[in-house]
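Chemist: Enclosed is the structure file model-v4.pdb (PDB, C-alpha atoms and all ligand atoms).
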ATOM      1  CA  MET A   1       3.951  -7.603   1.576  1.00  0.00           C
ATOM      2  CA  GLY A   2       1.546  -9.817  -0.317  1.00  0.00           C
ATOM      3  CA  GLY A   3       2.548 -13.379   0.441  1.00  0.00           C
ATOM      4  CA  PHE A   4      -0.166 -14.814  -1.711  1.00  0.00           C
ATOM      5  CA  VAL A   5       0.786 -17.819  -3.841  1.00  0.00           C
ATOM      6  CA  LEU A   6      -1.579 -18.714  -6.661  1.00  0.00           C
ATOM      7  CA  GLY A   7      -3.288 -22.038  -6.149  1.00  0.00           C
ATOM      8  CA  TRP A   8      -6.541 -22.365  -8.022  1.00  0.00           C
ATOM      9  CA  GLU A   9      -8.459 -19.906 -10.170  1.00  0.00           C
ATOM     10  CA  GLU A  10     -11.959 -20.080 -11.610  1.00  0.00           C
ATOM     11  CA  THR A  11     -13.945 -17.556 -13.605  1.00  0.00           C
ATOM     12  CA  ILE A  12     -17.720 -17.321 -13.783  1.00  0.00           C
ATOM     13  CA  GLY A  13     -18.952 -14.471 -15.970  1.00  0.00           C
ATOM     14  CA  ASN A  14     -16.570 -11.584 -15.266  1.00  0.00           C
ATOM     15  CA  VAL A  15     -15.768 -12.660 -11.707  1.00  0.00           C
ATOM     16  CA  THR A  16     -12.550 -14.579 -11.095  1.00  0.00           C
ATOM     17  CA  VAL A  17     -12.112 -16.318  -7.755  1.00  0.00           C
ATOM     18  CA  ILE A  18      -8.507 -17.081  -6.845  1.00  0.00           C
ATOM     19  CA  GLY A  19      -7.448 -19.338  -3.977  1.00  0.00           C
ATOM     20  CA  ARG A  20      -4.141 -20.413  -2.489  1.00  0.00           C
ATOM     21  CA  PRO A  21      -2.756 -23.948  -3.019  1.00  0.00           C
ATOM     22  CA  PHE A  22      -4.584 -26.387  -0.766  1.00  0.00           C
ATOM     23  CA  SER A  23      -1.265 -27.222   0.894  1.00  0.00           C
ATOM     24  CA  GLN A  24      -1.344 -23.615   2.194  1.00  0.00           C
ATOM     25  CA  VAL A  25      -4.959 -23.578   3.352  1.00  0.00           C
ATOM     26  CA  SER A  26      -5.238 -23.505   7.137  1.00  0.00           C
ATOM     27  CA  ALA A  27      -6.059 -26.883   8.647  1.00  0.00           C
ATOM     28  CA  THR A  28      -8.382 -25.354  11.235  1.00  0.00           C
ATOM     29  CA  LYS A  29      -9.869 -22.538   9.133  1.00  0.00           C
ATOM     30  CA  GLY A  30     -10.098 -24.179   5.752  1.00  0.00           C
ATOM     31  CA  TYR A  31     -13.024 -24.177   3.357  1.00  0.00           C
ATOM     32  CA  ASN A  32     -15.074 -26.121   0.872  1.00  0.00           C
ATOM     33  CA  LYS A  33     -14.071 -24.835  -2.567  1.00  0.00           C
ATOM     34  CA  LEU A  34     -17.537 -25.266  -4.123  1.00  0.00           C
ATOM     35  CA  LEU A  35     -19.113 -23.351  -1.259  1.00  0.00           C
ATOM     36  CA  VAL A  36     -16.528 -20.552  -1.501  1.00  0.00           C
ATOM     37  CA  LYS A  37     -17.106 -20.135  -5.238  1.00  0.00           C
ATOM     38  CA  ALA A  38     -20.893 -20.126  -4.839  1.00  0.00           C
ATOM     39  CA  ARG A  39     -20.856 -17.751  -1.857  1.00  0.00           C
ATOM     40  CA  ILE A  40     -18.497 -15.264  -3.519  1.00  0.00           C
ATOM     41  CA  ASN A  41     -20.431 -15.249  -6.774  1.00  0.00           C
ATOM     42  CA  ASP A  42     -23.706 -14.732  -4.898  1.00  0.00           C
ATOM     43  CA  ALA A  43     -22.097 -12.005  -2.789  1.00  0.00           C
ATOM     44  CA  VAL A  44     -20.744 -10.141  -5.822  1.00  0.00           C
ATOM     45  CA  THR A  45     -24.147 -10.330  -7.528  1.00  0.00           C
ATOM     46  CA  ILE A  46     -25.775  -8.953  -4.376  1.00  0.00           C
ATOM     47  CA  ALA A  47     -23.076  -6.294  -3.860  1.00  0.00           C
ATOM     48  CA  ARG A  48     -23.636  -5.053  -7.404  1.00  0.00           C
ATOM     49  CA  ARG A  49     -27.352  -4.684  -6.755  1.00  0.00           C
ATOM     50  CA  MET A  50     -26.685  -3.211  -3.314  1.00  0.00           C
ATOM     51  CA  ALA A  51     -24.462  -0.501  -4.808  1.00  0.00           C
ATOM     52  CA  THR A  52     -27.010   0.322  -7.527  1.00  0.00           C
ATOM     53  CA  GLU A  53     -29.974   0.353  -5.141  1.00  0.00           C
ATOM     54  CA  THR A  54     -28.078   2.437  -2.583  1.00  0.00           C
ATOM     55  CA  ARG A  55     -27.200   4.959  -5.255  1.00  0.00           C
ATOM     56  CA  ASN A  56     -30.876   5.171  -6.265  1.00  0.00           C
ATOM     57  CA  LEU A  57     -31.810   5.644  -2.621  1.00  0.00           C
ATOM     58  CA  VAL A  58     -29.186   8.367  -2.168  1.00  0.00           C
ATOM     59  CA  SER A  59     -30.315  10.117  -5.339  1.00  0.00           C
ATOM     60  CA  LYS A  60     -33.938  10.187  -4.130  1.00  0.00           C
ATOM     61  CA  SER A  61     -32.781  11.344  -0.684  1.00  0.00           C
ATOM     62  CA  MET A  62     -30.782  14.152  -2.305  1.00  0.00           C
ATOM     63  CA  THR A  63     -33.991  15.399  -3.952  1.00  0.00           C
ATOM     64  CA  ALA A  64     -35.715  15.300  -0.567  1.00  0.00           C
ATOM     65  CA  ALA A  65     -32.864  17.286   1.012  1.00  0.00           C
ATOM     66  CA  ILE A  66     -32.927  19.922  -1.735  1.00  0.00           C
ATOM     67  CA  GLU A  67     -36.692  20.305  -1.324  1.00  0.00           C
ATOM     68  CA  MET A  68     -36.303  20.526   2.440  1.00  0.00           C
ATOM     69  CA  ARG A  69     -33.725  23.290   1.987  1.00  0.00           C
ATOM     70  CA  MET A  70     -36.139  25.308  -0.156  1.00  0.00           C
ATOM     71  CA  GLY A  71     -38.947  24.753   2.316  1.00  0.00           C
ATOM     72  CA  PRO A  72     -42.458  23.475   1.676  1.00  0.00           C
ATOM     73  CA  GLY A  73     -44.276  24.906  -1.311  1.00  0.00           C
ATOM     74  CA  PRO A  74     -48.053  25.336  -1.585  1.00  0.00           C
ATOM     75  CA  HIS A  75     -48.382  21.552  -1.735  1.00  0.00           C
ATOM     76  CA  GLY A  76     -45.943  20.824   1.082  1.00  0.00           C
ATOM     77  CA  LEU A  77     -42.823  18.720   0.565  1.00  0.00           C
ATOM     78  CA  VAL A  78     -43.137  16.529  -2.530  1.00  0.00           C
ATOM     79  CA  THR A  79     -40.297  14.114  -1.761  1.00  0.00           C
ATOM     80  CA  THR A  80     -39.873  12.997   1.813  1.00  0.00           C
ATOM     81  CA  LEU A  81     -36.786  11.456   3.322  1.00  0.00           C
ATOM     82  CA  SER A  82     -37.192   7.817   4.334  1.00  0.00           C
ATOM     83  CA  PRO A  83     -36.970   7.500   8.140  1.00  0.00           C
ATOM     84  CA  THR A  84     -34.690   4.492   7.612  1.00  0.00           C
ATOM     85  CA  VAL A  85     -32.302   6.613   5.545  1.00  0.00           C
ATOM     86  CA  GLU A  86     -32.446   9.420   8.077  1.00  0.00           C
ATOM     87  CA  ALA A  87     -31.520   7.015  10.880  1.00  0.00           C
ATOM     88  CA  ALA A  88     -28.766   5.416   8.784  1.00  0.00           C
ATOM     89  CA  VAL A  89     -27.216   8.809   7.970  1.00  0.00           C
ATOM     90  CA  ALA A  90     -27.147   9.612  11.688  1.00  0.00           C
ATOM     91  CA  ALA A  91     -25.666   6.199  12.573  1.00  0.00           C
ATOM     92  CA  HIS A  92     -23.079   5.869   9.810  1.00  0.00           C
ATOM     93  CA  PHE A  93     -22.370   9.409   8.552  1.00  0.00           C
ATOM     94  CA  LYS A  94     -22.909  11.201  11.861  1.00  0.00           C
ATOM     95  CA  LEU A  95     -25.159  14.062  10.784  1.00  0.00           C
ATOM     96  CA  PRO A  96     -27.491  15.013  13.636  1.00  0.00           C
ATOM     97  CA  ALA A  97     -31.033  13.819  12.826  1.00  0.00           C
ATOM     98  CA  PRO A  98     -33.667  14.866  12.017  1.00  0.00           C
ATOM     99  CA  MET A  99     -33.006  16.640   8.752  1.00  0.00           C
ATOM    100  CA  THR A 100     -34.531  20.125   9.026  1.00  0.00           C
ATOM    101  CA  GLN A 101     -34.621  23.204   6.857  1.00  0.00           C
ATOM    102  CA  ALA A 102     -31.804  24.614   9.007  1.00  0.00           C
ATOM    103  CA  ASN A 103     -29.397  21.702   8.434  1.00  0.00           C
ATOM    104  CA  ALA A 104     -30.583  20.584   4.979  1.00  0.00           C
ATOM    105  CA  ASP A 105     -27.460  22.076   3.365  1.00  0.00           C
ATOM    106  CA  ASP A 106     -25.301  19.495   5.143  1.00  0.00           C
ATOM    107  CA  TRP A 107     -27.617  16.660   4.140  1.00  0.00           C
ATOM    108  CA  THR A 108     -27.715  17.835   0.525  1.00  0.00           C
ATOM    109  CA  ASP A 109     -23.927  18.016   0.444  1.00  0.00           C
ATOM    110  CA  LEU A 110     -23.592  14.523   1.929  1.00  0.00           C
ATOM    111  CA  PHE A 111     -26.078  12.962  -0.504  1.00  0.00           C
ATOM    112  CA  LYS A 112     -24.355  14.635  -3.471  1.00  0.00           C
ATOM    113  CA  TYR A 113     -21.055  13.177  -2.325  1.00  0.00           C
ATOM    114  CA  LEU A 114     -22.555   9.720  -1.645  1.00  0.00           C
ATOM    115  CA  ASN A 115     -24.212   9.723  -5.044  1.00  0.00           C
ATOM    116  CA  THR A 116     -20.723   9.875  -6.579  1.00  0.00           C
ATOM    117  CA  VAL A 117     -19.307   7.330  -4.124  1.00  0.00           C
ATOM    118  CA  TYR A 118     -21.919   4.651  -4.843  1.00  0.00           C
ATOM    119  CA  MET A 119     -21.851   5.412  -8.568  1.00  0.00           C
ATOM    120  CA  MET A 120     -18.092   4.816  -8.663  1.00  0.00           C
ATOM    121  CA  ILE A 121     -18.354   1.678  -6.539  1.00  0.00           C
ATOM    122  CA  SER A 122     -21.201   0.420  -8.705  1.00  0.00           C
ATOM    123  CA  GLN A 123     -19.242   1.045 -11.905  1.00  0.00           C
ATOM    124  CA  GLY A 124     -16.150  -0.530 -10.397  1.00  0.00           C
ATOM    125  CA  ILE A 125     -17.682  -3.749  -9.157  1.00  0.00           C
ATOM    126  CA  ASN A 126     -19.784  -4.205 -12.274  1.00  0.00           C
ATOM    127  CA  GLY A 127     -16.589  -4.513 -14.286  1.00  0.00           C
ATOM    128  CA  PRO A 128     -14.320  -7.595 -14.326  1.00  0.00           C
ATOM    129  CA  LEU A 129     -13.461  -8.436 -10.741  1.00  0.00           C
ATOM    130  CA  LYS A 130     -10.820 -10.626  -9.154  1.00  0.00           C
ATOM    131  CA  ILE A 131     -11.610 -11.838  -5.664  1.00  0.00           C
ATOM    132  CA  VAL A 132      -8.570 -13.398  -4.005  1.00  0.00           C
ATOM    133  CA  ASP A 133      -8.153 -15.179  -0.675  1.00  0.00           C
ATOM    134  CA  ILE A 134      -6.483 -13.044   2.004  1.00  0.00           C
ATOM    135  CA  PRO A 135      -2.762 -12.551   1.336  1.00  0.00           C
ATOM    136  CA  SER A 136      -1.395 -14.490   4.256  1.00  0.00           C
ATOM    137  CA  ALA A 137      -2.737 -17.419   6.183  1.00  0.00           C
ATOM    138  CA  ASP A 138      -1.600 -15.785   9.441  1.00  0.00           C
ATOM    139  CA  LYS A 139      -4.223 -13.032   9.067  1.00  0.00           C
ATOM    140  CA  LEU A 140      -7.172 -15.317   9.566  1.00  0.00           C
ATOM    141  CA  ASP A 141      -9.064 -12.723  11.619  1.00  0.00           C
ATOM    142  CA  THR A 142      -9.213 -10.354   8.631  1.00  0.00           C
ATOM    143  CA  ASN A 143     -12.450 -10.374   6.633  1.00  0.00           C
ATOM    144  CA  GLY A 144     -10.856  -8.689   3.670  1.00  0.00           C
ATOM    145  CA  SER A 145      -8.306  -6.226   2.366  1.00  0.00           C
ATOM    146  CA  VAL A 146      -7.200  -4.443  -0.772  1.00  0.00           C
ATOM    147  CA  SER A 147      -3.543  -4.766  -1.567  1.00  0.00           C
ATOM    148  CA  LEU A 148      -1.454  -1.840  -2.654  1.00  0.00           C
ATOM    149  CA  SER A 149       1.488  -3.944  -3.756  1.00  0.00           C
ATOM    150  CA  ASP A 150      -0.376  -5.588  -6.623  1.00  0.00           C
ATOM    151  CA  ALA A 151      -0.909  -2.227  -8.248  1.00  0.00           C
ATOM    152  CA  LYS A 152       2.556  -1.566  -9.661  1.00  0.00           C
ATOM    153  CA  ALA A 153       1.900  -3.308 -12.958  1.00  0.00           C
ATOM    154  CA  LEU A 154      -1.361  -1.421 -13.298  1.00  0.00           C
ATOM    155  CA  ASP A 155       0.376   1.911 -12.718  1.00  0.00           C
ATOM    156  CA  THR A 156       2.897   1.098 -15.438  1.00  0.00           C
ATOM    157  CA  ALA A 157       0.214  -0.004 -17.839  1.00  0.00           C
ATOM    158  CA  ASP A 158      -1.948   3.025 -17.192  1.00  0.00           C
ATOM    159  CA  PRO A 159       0.048   5.915 -15.715  1.00  0.00           C
ATOM    160  CA  SER A 160      -2.966   8.189 -16.046  1.00  0.00           C
ATOM    161  CA  GLY A 161      -5.141   5.829 -13.988  1.00  0.00           C
ATOM    162  CA  LEU A 162      -6.348   7.669 -10.926  1.00  0.00           C
ATOM    163  CA  ARG A 163      -6.782   6.167  -7.478  1.00  0.00           C
ATOM    164  CA  VAL A 164      -8.171   3.015  -9.034  1.00  0.00           C
ATOM    165  CA  ALA A 165      -4.784   2.225 -10.532  1.00  0.00           C
ATOM    166  CA  LYS A 166      -3.094   2.590  -7.163  1.00  0.00           C
ATOM    167  CA  ARG A 167      -5.150  -0.179  -5.621  1.00  0.00           C
ATOM    168  CA  GLY A 168      -4.831  -3.863  -6.273  1.00  0.00           C
ATOM    169  CA  ARG A 169      -7.011  -6.900  -6.062  1.00  0.00           C
ATOM    170  CA  ILE A 170      -9.793  -7.358  -3.563  1.00  0.00           C
ATOM    171  CA  HIS A 171      -8.911  -9.980  -0.968  1.00  0.00           C
ATOM    172  CA  ILE A 172     -11.603 -11.710   1.053  1.00  0.00           C
ATOM    173  CA  ASN A 173     -11.093 -14.369   3.696  1.00  0.00           C
ATOM    174  CA  PHE A 174     -12.281 -17.591   2.037  1.00  0.00           C
ATOM    175  CA  HIS A 175     -12.839 -19.376   5.335  1.00  0.00           C
ATOM    176  CA  TRP A 176     -14.862 -16.456   6.697  1.00  0.00           C
ATOM    177  CA  VAL A 177     -17.203 -16.273   3.661  1.00  0.00           C
ATOM    178  CA  THR A 178     -18.385 -19.814   4.351  1.00  0.00           C
ATOM    179  CA  THR A 179     -19.524 -18.760   7.829  1.00  0.00           C
ATOM    180  CA  ARG A 180     -21.630 -15.759   6.762  1.00  0.00           C
ATOM    181  CA  THR A 181     -24.637 -15.006   4.542  1.00  0.00           C
ATOM    182  CA  ALA A 182     -24.091 -13.830   0.977  1.00  0.00           C
ATOM    183  CA  GLN A 183     -25.595 -10.454   1.998  1.00  0.00           C
ATOM    184  CA  ARG A 184     -23.058 -10.068   4.810  1.00  0.00           C
ATOM    185  CA  VAL A 185     -20.219 -11.008   2.454  1.00  0.00           C
ATOM    186  CA  ALA A 186     -21.620  -8.445  -0.014  1.00  0.00           C
ATOM    187  CA  ARG A 187     -21.135  -5.802   2.703  1.00  0.00           C
ATOM    188  CA  THR A 188     -17.446  -6.722   2.838  1.00  0.00           C
ATOM    189  CA  VAL A 189     -17.244  -6.614  -0.981  1.00  0.00           C
ATOM    190  CA  ILE A 190     -18.602  -3.024  -0.802  1.00  0.00           C
ATOM    191  CA  HIS A 191     -16.144  -2.200   2.002  1.00  0.00           C
ATOM    192  CA  GLU A 192     -13.175  -3.428  -0.046  1.00  0.00           C
ATOM    193  CA  ALA A 193     -14.561  -1.861  -3.232  1.00  0.00           C
ATOM    194  CA  SER A 194     -14.715   1.505  -1.444  1.00  0.00           C
ATOM    195  CA  HIS A 195     -10.942   1.232  -0.820  1.00  0.00           C
ATOM    196  CA  LYS A 196     -10.311   0.194  -4.389  1.00  0.00           C
ATOM    197  CA  PHE A 197     -12.608   2.510  -6.319  1.00  0.00           C
ATOM    198  CA  VAL A 198     -12.994   5.651  -4.176  1.00  0.00           C
ATOM    199  CA  GLY A 199      -9.889   5.523  -2.002  1.00  0.00           C
ATOM    200  CA  ALA A 200     -11.794   5.094   1.279  1.00  0.00           C
ATOM    201  CA  ARG A 201      -9.785   4.571   4.488  1.00  0.00           C
ATOM    202  CA  ASP A 202     -10.193   2.534   7.652  1.00  0.00           C
ATOM    203  CA  HIS A 203     -10.759   5.246  10.267  1.00  0.00           C
ATOM    204  CA  ALA A 204     -12.953   2.949  12.387  1.00  0.00           C
ATOM    205  CA  TYR A 205     -14.607  -0.451  11.990  1.00  0.00           C
ATOM    206  CA  LYS A 206     -18.234  -0.866  13.019  1.00  0.00           C
ATOM    207  CA  PRO A 207     -17.511  -3.780  15.411  1.00  0.00           C
ATOM    208  CA  ASN A 208     -15.281  -1.374  17.377  1.00  0.00           C
ATOM    209  CA  LYS A 209     -18.292   0.454  18.806  1.00  0.00           C
ATOM    210  CA  PRO A 210     -16.538   3.284  20.733  1.00  0.00           C
ATOM    211  CA  ASN A 211     -14.300   4.211  17.786  1.00  0.00           C
ATOM    212  CA  TYR A 212     -17.153   3.933  15.302  1.00  0.00           C
ATOM    213  CA  ALA A 213     -19.410   6.086  17.489  1.00  0.00           C
ATOM    214  CA  ALA A 214     -16.662   8.699  17.863  1.00  0.00           C
ATOM    215  CA  LEU A 215     -16.217   9.260  14.110  1.00  0.00           C
ATOM    216  CA  THR A 216     -16.766  12.844  13.019  1.00  0.00           C
ATOM    217  CA  PRO A 217     -18.992  13.549   9.984  1.00  0.00           C
ATOM    218  CA  LYS A 218     -15.840  14.473   8.045  1.00  0.00           C
ATOM    219  CA  LEU A 219     -14.051  11.188   8.788  1.00  0.00           C
ATOM    220  CA  ALA A 220     -17.183   9.047   8.386  1.00  0.00           C
ATOM    221  CA  ARG A 221     -17.535  10.178   4.756  1.00  0.00           C
ATOM    222  CA  THR A 222     -14.243   8.554   3.797  1.00  0.00           C
ATOM    223  CA  ASN A 223     -14.514   5.568   6.151  1.00  0.00           C
ATOM    224  CA  ALA A 224     -14.894   2.248   4.327  1.00  0.00           C
ATOM    225  CA  ASP A 225     -17.110   0.648   6.974  1.00  0.00           C
ATOM    226  CA  SER A 226     -19.427   3.683   7.054  1.00  0.00           C
ATOM    227  CA  ILE A 227     -19.876   3.448   3.274  1.00  0.00           C
ATOM    228  CA  ALA A 228     -20.443  -0.338   3.453  1.00  0.00           C
ATOM    229  CA  CYS A 229     -22.735  -0.267   6.489  1.00  0.00           C
ATOM    230  CA  PHE A 230     -24.947   2.504   5.118  1.00  0.00           C
ATOM    231  CA  ALA A 231     -25.595   0.329   2.043  1.00  0.00           C
ATOM    232  CA  TYR A 232     -26.053  -2.846   4.091  1.00  0.00           C
ATOM    233  CA  TYR A 233     -28.271  -1.502   6.900  1.00  0.00           C
ATOM    234  CA  THR A 234     -30.562   0.571   4.695  1.00  0.00           C
ATOM    235  CA  TRP A 235     -31.272  -2.736   2.893  1.00  0.00           C
ATOM    236  CA  LYS A 236     -31.552  -4.710   6.138  1.00  0.00           C
ATOM    237  CA  ASN A 237     -33.915  -2.128   7.621  1.00  0.00           C
ATOM    238  CA  GLY A 238     -36.169  -2.138   4.584  1.00  0.00           C
ATOM    239  CA  ALA A 239     -35.355   1.094   2.704  1.00  0.00           C
ATOM    240  CA  TYR A 240     -34.831  -0.926  -0.481  1.00  0.00           C
ATOM    241  CA  ALA A 241     -35.227  -4.529  -1.575  1.00  0.00           C
ATOM    242  CA  LEU A 242     -32.621  -6.761  -3.185  1.00  0.00           C
ATOM    243  CA  ASP A 243     -35.084  -8.957  -5.048  1.00  0.00           C
TER     244      ASP A 243
HETATM  245 ZN    ZN B 301     -10.852  -1.724   5.129  1.00  0.00          ZN
END
In structure tokens, what does this structure look like?

Modeler:
Amino acid sequence: MGGFVLGWEETIGNVTVIGRPFSQVSATKGYNKLLVKARINDAVTIARRMATETRNLVSKSMTAAIEMRMGPGPHGLVTTLSPTVEAAVAAHFKLPAPMTQANADDWTDLFKYLNTVYMMISQGINGPLKIVDIPSADKLDTNGSVSLSDAKALDTADPSGLRVAKRGRIHINFHWVTTRTAQRVARTVIHEASHKFVGARDHAYKPNKPNYAALTPKLARTNADSIACFAYYTWKNGAYALD
């Protein structure tokens, strides 16, 4: 159940940041409101670029996979797969690297799917966004969540709305955001956005190394942390720039 009680709310551009009343902010894990607002707005700006850049990267990688599948022409392979992307696919989507002509079908299929995933996330987070503190103060170890209970009004208003309408607001731990970089918070925005906009699940979190390592390619595709970490680590390892 969402136990969130509205405290303060501020909108910058099309991003609304909503906090609980200060009487309900944890004494030990509280936050500076100005810092929270600045960090979340920076993180959303970065997450929007991250989603767009990742989609561009995936689109280019898809071309490389299709060319690999056809085999080199008289001029060799025109588009090559970035080694950073290849390593990130192996780490987060569990396809055995390297990509070869023999397995290029699997890579093509994955990139086609990811192209849609990051397009939908990008479209979703570029629209008006409400970022709300986590629903209950007793879940202070949670970085973020997407509530299902908030979605009832949306379903009524738009019965034809697909998975998007079944998911509610994005919650992010306001104390936690003040302890991390805007880029790291952006990763959590993408994680939560993958629940909200493409119906991703939590099969395994990256910090749980054994579970994350044991993901199958099939499960990794719909795993929120795999989708978020692929975007985050391809940036961190230099496959694309954020500025
Ligand atoms: Zn999640």

Chemist: Find the residues near A:Met62: any atom within 10 Å, counting only C-alpha atoms, skip ones fewer than 3 places away on the same chain, and give them as number ranges by chain.

Modeler: A: 56-59, 65-68, 79, 81, 104, 107-115

Chemist: For ligand ZN 301 (chain B), list the contacting residues at 8 Å or closer, counting only C-alpha atoms and all ligand atoms, as JSON, numbers by chain.

Modeler: {"A": [144, 145, 146, 191, 192, 195, 200, 201, 202, 205, 224, 225]}

Chemist: Could you tell me how far atom CA of A:Lys206 lies from atom CA of A:Ile190, in Å and to one decimal?

Modeler: 14.0 Å

Chemist: In Å, rounded to a single decimal, give me how far atom CA of A:Ala182 is from atom CA of A:Val36.

Modeler: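 Going from atom CA of A:Val36 over to atom CA of A:Ala182, I get 10.4 Å.
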
Chemist: Given only C-alpha atoms as the basis, pick out the residue of A:Val177, A:Val89, A:Ala193, A:Ala220 nearest to A:Gly30.

Modeler: A:Val177

Chemist: What is the distance between atom CA of A:Phe174 and atom CA of A:Thr142, in Å to one decimal?

Modeler: 10.3 Å

Chemist: Exactly which residues make up the result of the PyMOL selection byres (((chain A and resi 35) around 12) and not hetatm) on this file, given as number ranges by chain?

Modeler: A: 17, 30-34, 36-43, 174-182

Chemist: Skipping near chain neighbours, those fewer than 3 positions away, what residues fall within 9 Å of A:Glu9 using all atoms listed in the file, listed as a ChimeraX atom specification?

Modeler: /A:6,16-20,132

Chemist: Let me know the residues the PyMOL selection byres (((chain A and resi 240) around 12) and not hetatm) catches in the file above, as a ChimeraX atom specification.

Modeler: /A:49-58,60,82,84-85,230-239,241-243

Chemist: Counting all atoms listed in the file, which of A:Leu129, A:Glu86, A:His75, A:Ser61 gets nearest to A:Gly13?

Modeler: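 Closest residue, counting all atoms listed in the file: A:Leu129.
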
Chemist: Smallest atom-to-atom distance to A:Ala97: which of A:Tyr118, A:Asn211, A:Val185, A:Pro83, using only C-alpha atoms?

Modeler: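 Smallest distance to A:Ala97 is found for A:Pro83.
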
Chemist: Nearest residue to A:Gly168 out of A:Ile131, A:Val117, A:Ala64, A:Val189, using only C-alpha atoms?

Modeler: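 Of A:Ile131, A:Val117, A:Ala64, A:Val189, the one nearest A:Gly168 is A:Ile131, counting only C-alpha atoms.
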
Chemist: Pick the closest to A:Gly127 from A:Tyr212, A:Phe93, A:Phe22, A:Phe197: which is it, counting all atoms listed in the file?

Modeler: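 Looking at the shortest contact to A:Gly127, the residue is A:Phe197.
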
Chemist: Which residue is closest to A:Ser26? Choose from A:Ile46, A:Ala87, A:Leu215, A:Asp133 and count all atoms listed in the file.

Modeler: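 When distances to A:Ser26 are compared using all atoms listed in the file, the smallest one comes from A:Asp133.
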
Chemist: Using all atoms of stretch 110-124 of chain A that appear in the file, construct an axis-aligned enclosing box with 3 Å of padding on every side and provide its centre coordinates and edge lengths in Å, rounded to one decimal, as JSON.

Modeler:
{"center_x": -21.1, "center_y": 7.1, "center_z": -5.0, "size_x": 15.9, "size_y": 21.2, "size_z": 19.8}
